[in-house]
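Undergrad: Structure below; questions to follow.
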Amino acid sequence: MIKELRDITEKDLAYMQTHQVTVTEKLDLIYFKVILNDTGVTTVTAKNKPITEIDQIVNSVYKNIISFVDSHIKSNYDSIYNSIGNCEIGFFYRPVPRTCVIEYNNLDHDFIIGNLFTSVKGNNDIDKLSELIGDVSVLKPICIKERICDIPDHYDSINIVYEMTDGKTWSGNSIYEIEGIILTCGKLHYKVTVNHTEPNIEKTTKKLYRDTLLENFCNVILDKNNTNTDYVLDGDSTYVEKIGLLFLDYINRTNIFTKMYIEPEDLLPPNVGYIGDIDYDVFTPTVKLICKGNELYKNILRILLITFNRSVFENKFKCFNDDVRSKLTQILTRINTKK
């Protein structure tokens, strides 16, 4: 995590006062990385997690990202690899003008190359890369300062940003309407925040709703009177088809909504920002019809798809009691077992 400039150490400040400093706008956009090497192309999130098929189904943002990578990078793999070689490309993505807190209306393209790391230093040509990829912008420094001045005792972010940039921005927003700037000096990185975009959400409450839903789900699905369970869990349908069938069975049988009131937002991830739609094309018309008209059901379907996906299973049921944990694990195991 990049530290705020107000927290700079005396040693780092002394270094930045005698060395060149690059000033770049901090973008409040979705970030992902594309890794390109002699084995092919891999797309990962900002947290270095591969973007899976389920990610693309539950959130169209990921589907759009993969579509972009397929059409602009994988299709041009030979040209890019021959020119750039092994590399890691950092991208920003604007699916809608306001993805989180900041609104961007002046960008030329929705995909922006933010940085490029190459195994051969001489191949680090981000402008050439953008030409090979096409339909992208490149995040350029706002300016380069020969050095920075002392940080005033009264830290005023707007004044600092204006002094650093002369009031200019990369995005075309005013300095009052950006997230902030990043100062890079050698291996040092500091930021000046103008508008805070970090989520301020009560995660405990959202987790409670999710856990309550999952506990109810496993009890309904594995109820001894539910004759559909074995047919669905042990059938030869795909994972997505099984989840769709279990989802329909669950919402037809559960009485949870008569016992507690749940808002659709209660079942969304604990973050602030744009979340895309579900890819309805992979489901039956019945699932599509029910979810398109009901945000609550849509978010239940999202939770089920993510929860029982073995590829991202990381002891996710450890917070439940033994009985519930056993039932959830049984569902996960059976639904992913190939016949």
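By order of appearance in the structure tokens: chains A, B, ..., then residues from 1 within every chain, and ligands from 1 in the order shown.
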Which residues come within 8 Å of range 149-166 of chain A, counting only C-alpha atoms, excluding same-chain residues fewer than 4 positions away, as an MDAnalysis selection string?
TA: chainID A and resid 6 13 17 23 142:143 145 175:176 180:181 192:194
Undergrad: Pull the helix (DSSP H, G or I) assignments for range 147-320 of chain A out of DSSP run on the backbone, and list those residues as a PyMOL selection string.
TA: chain A and resi 157-165+175-177+203-221+229-233+239-253+256-259+264-267+280-282+285-292+295-307+310-312
Undergrad: Residues near range 134-138 of chain A, anyone? I mean within 8 Å using only C-alpha atoms, not counting same-chain ones fewer than 4 positions away, as a ChimeraX atom specification.
TA: /A:72,108-114,126-127,130
Undergrad: What gap, in Å, lies between CA of Met16 in chain A and CA of Ile144 in chain A?
TA: 12.0 Å
Undergrad: Using DSSP secondary structure from the backbone, list all strand (DSSP E or B) positions within range 10-109 of chain A, as number ranges by chain.
TA: A: 21-26, 30-37, 40-45, 50, 87-93, 98, 103
Undergrad: Pick out the closest residue to Glu241 in chain A from this set: A:Tyr274, A:Tyr15, A:Tyr209, A:Tyr280. Count only C-alpha atoms.
TA: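 Smallest separation from Glu241 in chain A among the options: A:Tyr280.
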Undergrad: For the atom pair CA of Val240 in chain A and CA of Leu332 in chain A, what is the interatomic distance in Å to one decimal place?
TA: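 Calculated distance between CA of Val240 in chain A and CA of Leu332 in chain A is 12.6 Å.
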Undergrad: Enumerate, in order of chain and increasing residue number, the residues of range 60-134 of chain A with an atom no farther than 12 Å from range 39-44 of chain A, each with its shortest atom pair and distance in Å to one decimal, counting only C-alpha atoms, as a Markdown table.
TA:
```
| residue | atom | partner | partner_atom | distance |
| --- | --- | --- | --- | --- |
| A:Tyr62 | CA | A:Thr43 | CA | 10.0 |
| A:Lys63 | CA | A:Thr43 | CA | 11.5 |
| A:Ile65 | CA | A:Thr43 | CA | 8.7 |
| A:Ile66 | CA | A:Thr43 | CA | 7.5 |
| A:Ser67 | CA | A:Thr43 | CA | 10.9 |
| A:Phe68 | CA | A:Thr43 | CA | 10.7 |
| A:Val69 | CA | A:Thr43 | CA | 7.8 |
| A:Asp70 | CA | A:Val41 | CA | 9.1 |
| A:His72 | CA | A:Val41 | CA | 11.5 |
| A:Ile73 | CA | A:Val41 | CA | 8.0 |
| A:Lys74 | CA | A:Val41 | CA | 6.6 |
| A:Ser75 | CA | A:Val41 | CA | 10.3 |
| A:Asn76 | CA | A:Val41 | CA | 10.7 |
| A:Tyr77 | CA | A:Gly40 | CA | 7.7 |
| A:Asp78 | CA | A:Gly40 | CA | 9.6 |
| A:Ile80 | CA | A:Val41 | CA | 10.9 |
| A:Tyr81 | CA | A:Gly40 | CA | 9.2 |
| A:Gly85 | CA | A:Gly40 | CA | 11.0 |
| A:Asn86 | CA | A:Gly40 | CA | 9.7 |
| A:Cys87 | CA | A:Val41 | CA | 9.9 |
| A:Glu88 | CA | A:Thr42 | CA | 9.5 |
| A:Ile89 | CA | A:Thr43 | CA | 9.6 |
| A:Gly90 | CA | A:Val44 | CA | 9.8 |
| A:Phe91 | CA | A:Thr43 | CA | 10.4 |
```
Undergrad: Can I get the selected residues back with C-alpha atoms, as a compact mmCIF listing (two decimals), in the first residue's frame?
TA:
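The result, stored in part_23.txt:
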```txt
# COMPACT_ATOMS: atom_id res chain seq x y z
CA TYR A 62 -14.70 -9.55 -15.69
CA LYS A 63 -16.40 -10.85 -18.82
CA ILE A 65 -12.05 -7.63 -19.38
CA ILE A 66 -11.49 -11.14 -20.73
CA SER A 67 -13.21 -10.22 -23.98
CA PHE A 68 -10.84 -7.27 -24.35
CA VAL A 69 -7.78 -9.41 -23.61
CA ASP A 70 -8.90 -12.07 -26.09
CA HIS A 72 -6.71 -7.17 -28.39
CA ILE A 73 -3.89 -9.14 -26.79
CA LYS A 74 -4.32 -12.85 -27.40
CA SER A 75 -5.23 -12.22 -31.03
CA ASN A 76 -2.05 -10.12 -31.40
CA TYR A 77 0.11 -12.37 -29.22
CA ASP A 78 2.87 -12.99 -31.77
CA ILE A 80 3.33 -8.23 -29.01
CA TYR A 81 5.61 -11.01 -27.79
CA GLY A 85 8.88 -10.15 -24.89
CA ASN A 86 8.00 -11.41 -21.41
CA CYS A 87 6.05 -8.67 -19.68
CA GLU A 88 3.39 -7.69 -17.17
CA ILE A 89 0.92 -5.02 -18.27
CA GLY A 90 -1.15 -3.15 -15.72
CA PHE A 91 -4.52 -1.93 -17.02
```
Undergrad: Near Thr254 in chain A, within 8 Å and counting only C-alpha atoms, which residues show up once chain neighbours fewer than 2 positions away are dropped, as a PyMOL selection string?
TA: chain A and resi 216-217+220+250-252+256-257
